[in-house]
Structure formats: structure tokens, C-alpha cells
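Encoded as C-alpha cells, the structure appears first; notes follow it.
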Amino acid sequence: MNNQSQLFIAALGIVGSSLAINAQAADWRIALGIHDTIVDQADSHTFGAHAGFYMAHKAQSDLLWQGEIDIFIDHDTDKLDPDHIPIWFQSAFSVDGNLYRFSEVMNLQWQVTLEGKRNTVSSIEKQAKLFPGIVARYDNERVYAGFELAAGYYMLEIDDDVPRERGYDREDFQNKTGAYSVALDTRLPLGNTFDLYAKAQTWNDGSDWLENKVSGVLSYHSDSLVEDSEVKLSVEHSEYNLDPYDNRDKSSPDYLPILPWDRDTLVRVYIDMPWG
């Protein structure tokens, strides 16, 4: 097992153990909904259903632990990947603590995030991002804005089926590198029952960009369905730089990139409600 894999597994174990230890005092939520994974360059829509599990715990030391796992079941009719198993996963874990408080509404925090994906319909076989960073936040309980600067480990592996059809070998499918990340996010109220959250983030290895992501969530707060529940519409658009996988001569008449697409969009509609 290489050093990067050991680091990823160790970090996942630390975060998971800490969440489990504090599980009884945590805020647990569950999400149930439908989704569409869009690959516009292939004119592809993959619909399905999903469930998500979220937990947050504020420790006595003021550390905030959060964890989220989403499980997606696809109705895969387009077969972008001919051997795709139509179940995939994404996860996000984080811990943060206060560094300096400027005022009641502004502070500076440290943060460690661990994010991942597995087996998406758009040929992302594995993705892992482990990033410690600094976050400046403004939060007056209605309007929120944040700026994040982080540096850490980035790994993206492309599923082998489509690349092999395009002449790529097995060792070409994974990019592992140190990287830095910059992110901006905000949350704005839209009346008394709606709010809008938006985030833009980029990852760069120092010589070129690796991935750009833009996401937004429109939330409707209502107790008419389930007490303390929210109905959400979320859109997450990701664009991936495929140049690190490209070791072939672009001037060749037989040249093909490793994938015929380099972006995907995940659209979700779901209800988020307390669990337990």
C-alpha cells in the first residue's frame, strides 16, 4: 500500500472514529430524493434515487465535527461506461476550530476536510481530497459568507473501460499530487422560508488547475411535511482537467483524449429531515 493510500485511510479512520465516539450527542439527519447526472458533451441524463446521512457534533472544546455520506442508485440507460455498476457514493468529513474572533459575526478558523467519490456514471472511479486550511467567515445568523484557502492531497482516478477503448493503458488512469484550493461560499435568505447557498471552488497543483466546481442549493424550510425538515434543490457542476492523463502526441491523427467528456453536473431534489 502506497503512502498516499495509507494517509487517506488513516485520516478517514480518525474522522470516522471521532464521529462515532460523539454519536450520542450529535445532530443526525437523513436525506431522501431523486437525482439526474448530466454529461452534456454526450447528451446524457442518468436519473435515479439517493439517500444521504449527515451528522454534526459540537464538542466541549468548541471543535465542530461533521460527516456526510450519500448513496446513489442510477437508472443507467445511456451506458457512457459499458460496464458501469449503477450504484455510486460520495462522502465529506470535516473538523474545524476557532483561531481568532474579530467580532460576534466575524472569525478566522482552521479546518480539515476529507472528501471523496466512487464509481460515478461519468467515469470517476475514485476521488480523494484531504485538505487542511484556513477559513475566514462572516455570519450574522441570516447572511453568511466565507473564504477558504487550503493545501493538501488530491487524487483522481478515471475508470478504465472507456480509456482502454481509446488506446490508454492501465497506469495512465490515476493522478495523485499535492495541491492547493481556494473557495468562496455564501448563504442568503430569500424571504422567511427560502434561502440560497452558493459555492465556487478550484484546485490547482501549482502548475495547472486540476478541477473547478460550482454548486448551489435552494432550500425551502417548512414543518408541513416533517417537523424541522427542508426541501432542497441542489446543482453541482464539476469540470476536470484531463491533461495530467494525456501522455500521447496531440498532433497525431489518431489522437483521442482519455475521455470524450471533461465535466458533469449533478442535479438533486430531496427532503432533508431529522433522524433519530
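We name chains A, B, ... following the order of the C-alpha cells; residues begin at 1 in each chain, and ligands are numbered from 1 as shown.
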*Would you list, as a list in words, the residues of stretch 84-206 of chain A that end up in helix (DSSP H, G or I) under DSSP run on this structure's backbone?*
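Filtering stretch 84-206 of chain A to helix (DSSP H, G or I) leaves Asp161, Val162, Pro163, Arg164, Glu165, Arg170, Glu171 and Asp172 of chain A.
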May I have the selected residues written with C-alpha atoms, as a PDB file, in the first residue's frame?
ATOM      1  CA  ASP A 161     -13.307   0.907 -19.514  1.00  0.00           C
ATOM      2  CA  VAL A 162     -13.706   3.975 -21.748  1.00  0.00           C
ATOM      3  CA  PRO A 163      -9.947   4.879 -21.774  1.00  0.00           C
ATOM      4  CA  ARG A 164      -8.984   1.348 -22.879  1.00  0.00           C
ATOM      5  CA  GLU A 165     -11.332   1.715 -25.838  1.00  0.00           C
ATOM      6  CA  ARG A 170      -3.912   0.914 -17.052  1.00  0.00           C
ATOM      7  CA  GLU A 171      -1.138   3.020 -15.481  1.00  0.00           C
ATOM      8  CA  ASP A 172      -2.463   6.151 -17.220  1.00  0.00           C
TER       9      ASP A 172
END
*asked:* as a ChimeraX atom specification, please: the residues near A:Lys129 (cut-off 10 Å, only C-alpha atoms, same-chain neighbours under 6 positions excluded).
replied: /A:8,92,113-117,151-156,176,178-179,203
*Write out as an NGL selection string all residues of stretch 7-196 of chain A that DSSP puts in strand (DSSP E or B) for this structure's backbone.*
:A and (27-39 or 44-58 or 64-75 or 87-101 or 106-118 or 124-139 or 144-158 or 174-190 or 194-196)
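Of the listed residues A:Thr265, A:Asn204, A:Asn212, A:Asn98, the one whose atoms come nearest to A:Asp36 is A:Thr265, with distances taken using only C-alpha atoms.
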*For A:Arg268, please output as a list in words all residues within 9 Å (counting only C-alpha atoms; exclusion window: fewer than 3 positions along the same chain).*
Gly33, Ile34, His35, Asp36, Thr37, His50, Lys232, Leu233, Ser234, Val235 and Glu236 of chain A
Written selection (all heavy atoms) as an mmCIF file, in the first residue's frame:
data_model
loop_
_atom_site.group_PDB
_atom_site.id
_atom_site.type_symbol
_atom_site.label_atom_id
_atom_site.label_comp_id
_atom_site.auth_asym_id
_atom_site.auth_seq_id
_atom_site.Cartn_x
_atom_site.Cartn_y
_atom_site.Cartn_z
ATOM 1 N N GLY A 33 -34.215 11.419 -1.866
ATOM 2 C CA GLY A 33 -34.630 12.179 -3.029
ATOM 3 C C GLY A 33 -34.313 11.498 -4.342
ATOM 4 O O GLY A 33 -33.986 10.308 -4.406
ATOM 5 N N ILE A 34 -34.431 12.282 -5.410
ATOM 6 C CA ILE A 34 -34.143 11.834 -6.769
ATOM 7 C C ILE A 34 -33.045 12.715 -7.351
ATOM 8 O O ILE A 34 -32.782 13.818 -6.843
ATOM 9 C CB ILE A 34 -35.400 11.867 -7.660
ATOM 10 C CG1 ILE A 34 -35.991 13.274 -7.701
ATOM 11 C CG2 ILE A 34 -36.423 10.861 -7.170
ATOM 12 C CD1 ILE A 34 -37.174 13.427 -8.637
ATOM 13 N N HIS A 35 -32.400 12.226 -8.416
ATOM 14 C CA HIS A 35 -31.282 12.980 -8.991
ATOM 15 C C HIS A 35 -31.157 12.702 -10.486
ATOM 16 O O HIS A 35 -31.739 11.754 -11.013
ATOM 17 C CB HIS A 35 -29.971 12.615 -8.288
ATOM 18 C CG HIS A 35 -29.546 11.200 -8.508
ATOM 19 N ND1 HIS A 35 -29.943 10.167 -7.686
ATOM 20 C CD2 HIS A 35 -28.758 10.629 -9.475
ATOM 21 C CE1 HIS A 35 -29.425 9.035 -8.126
ATOM 22 N NE2 HIS A 35 -28.703 9.283 -9.212
ATOM 23 N N ASP A 36 -30.371 13.567 -11.121
ATOM 24 C CA ASP A 36 -30.027 13.403 -12.528
ATOM 25 C C ASP A 36 -28.557 13.777 -12.682
ATOM 26 O O ASP A 36 -28.156 14.878 -12.297
ATOM 27 C CB ASP A 36 -30.905 14.309 -13.400
ATOM 28 C CG ASP A 36 -30.576 14.223 -14.888
ATOM 29 O OD1 ASP A 36 -29.893 13.260 -15.285
ATOM 30 O OD2 ASP A 36 -31.003 15.128 -15.639
ATOM 31 N N THR A 37 -27.753 12.856 -13.216
ATOM 32 C CA THR A 37 -26.368 13.153 -13.548
ATOM 33 C C THR A 37 -26.302 13.491 -15.033
ATOM 34 O O THR A 37 -26.645 12.657 -15.873
ATOM 35 C CB THR A 37 -25.438 11.967 -13.246
ATOM 36 O OG1 THR A 37 -25.543 11.628 -11.860
ATOM 37 C CG2 THR A 37 -23.997 12.333 -13.568
ATOM 38 N N HIS A 50 -31.632 8.523 -4.371
ATOM 39 C CA HIS A 50 -30.483 8.538 -3.466
ATOM 40 C C HIS A 50 -30.927 8.750 -2.026
ATOM 41 O O HIS A 50 -32.039 9.223 -1.754
ATOM 42 C CB HIS A 50 -29.479 9.627 -3.874
ATOM 43 C CG HIS A 50 -30.011 11.027 -3.744
ATOM 44 N ND1 HIS A 50 -30.683 11.670 -4.754
ATOM 45 C CD2 HIS A 50 -29.967 11.902 -2.710
ATOM 46 C CE1 HIS A 50 -31.026 12.882 -4.361
ATOM 47 N NE2 HIS A 50 -30.616 13.048 -3.127
ATOM 48 N N LYS A 232 -34.995 20.576 -0.703
ATOM 49 C CA LYS A 232 -33.847 21.217 -1.329
ATOM 50 C C LYS A 232 -33.735 20.850 -2.804
ATOM 51 O O LYS A 232 -33.988 19.714 -3.197
ATOM 52 C CB LYS A 232 -32.555 20.821 -0.610
ATOM 53 C CG LYS A 232 -32.506 21.268 0.846
ATOM 54 C CD LYS A 232 -31.144 21.021 1.467
ATOM 55 C CE LYS A 232 -31.083 21.536 2.892
ATOM 56 N NZ LYS A 232 -29.728 21.437 3.466
ATOM 57 N N LEU A 233 -33.326 21.840 -3.578
ATOM 58 C CA LEU A 233 -32.917 21.652 -4.964
ATOM 59 C C LEU A 233 -31.447 22.036 -5.046
ATOM 60 O O LEU A 233 -31.079 23.173 -4.737
ATOM 61 C CB LEU A 233 -33.746 22.536 -5.902
ATOM 62 C CG LEU A 233 -33.218 22.687 -7.333
ATOM 63 C CD1 LEU A 233 -33.244 21.350 -8.065
ATOM 64 C CD2 LEU A 233 -34.014 23.737 -8.096
ATOM 65 N N SER A 234 -30.591 21.081 -5.407
ATOM 66 C CA SER A 234 -29.166 21.359 -5.466
ATOM 67 C C SER A 234 -28.622 21.049 -6.859
ATOM 68 O O SER A 234 -29.081 20.114 -7.523
ATOM 69 C CB SER A 234 -28.388 20.562 -4.408
ATOM 70 O OG SER A 234 -28.260 19.215 -4.784
ATOM 71 N N VAL A 235 -27.658 21.851 -7.275
ATOM 72 C CA VAL A 235 -26.964 21.667 -8.556
ATOM 73 C C VAL A 235 -25.468 21.766 -8.282
ATOM 74 O O VAL A 235 -25.005 22.713 -7.637
ATOM 75 C CB VAL A 235 -27.382 22.730 -9.589
ATOM 76 C CG1 VAL A 235 -26.631 22.512 -10.901
ATOM 77 C CG2 VAL A 235 -28.890 22.702 -9.817
ATOM 78 N N GLU A 236 -24.710 20.764 -8.754
ATOM 79 C CA GLU A 236 -23.258 20.737 -8.570
ATOM 80 C C GLU A 236 -22.605 20.443 -9.912
ATOM 81 O O GLU A 236 -22.777 19.358 -10.473
ATOM 82 C CB GLU A 236 -22.878 19.671 -7.545
ATOM 83 C CG GLU A 236 -21.400 19.571 -7.268
ATOM 84 C CD GLU A 236 -21.091 18.525 -6.218
ATOM 85 O OE1 GLU A 236 -21.341 18.797 -5.026
ATOM 86 O OE2 GLU A 236 -20.639 17.428 -6.583
#
_Counting only C-alpha atoms, which residue out of A:Val217, A:Pro257, A:Leu64, A:Asp78 sits closest to A:Phe194?_
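Closest to A:Phe194 of all the choices is A:Val217.
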*Point out the residue among A:Thr120, A:Ser219, A:Gln41, A:Ser94 with the least atom-to-atom distance to A:Ile71, counting only C-alpha atoms.*
A:Thr120
_Near-A:Glu141 list (10 Å; only C-alpha atoms; drop same-chain fewer than 6 positions) as a list of chain:residue names_ =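 Near A:Glu141, the qualifying residues are A:Val105, A:Arg187, A:Pro189.
Here atom CA of A:Arg263 is placed at a distance of 7.4 Å from atom CA of A:His237.
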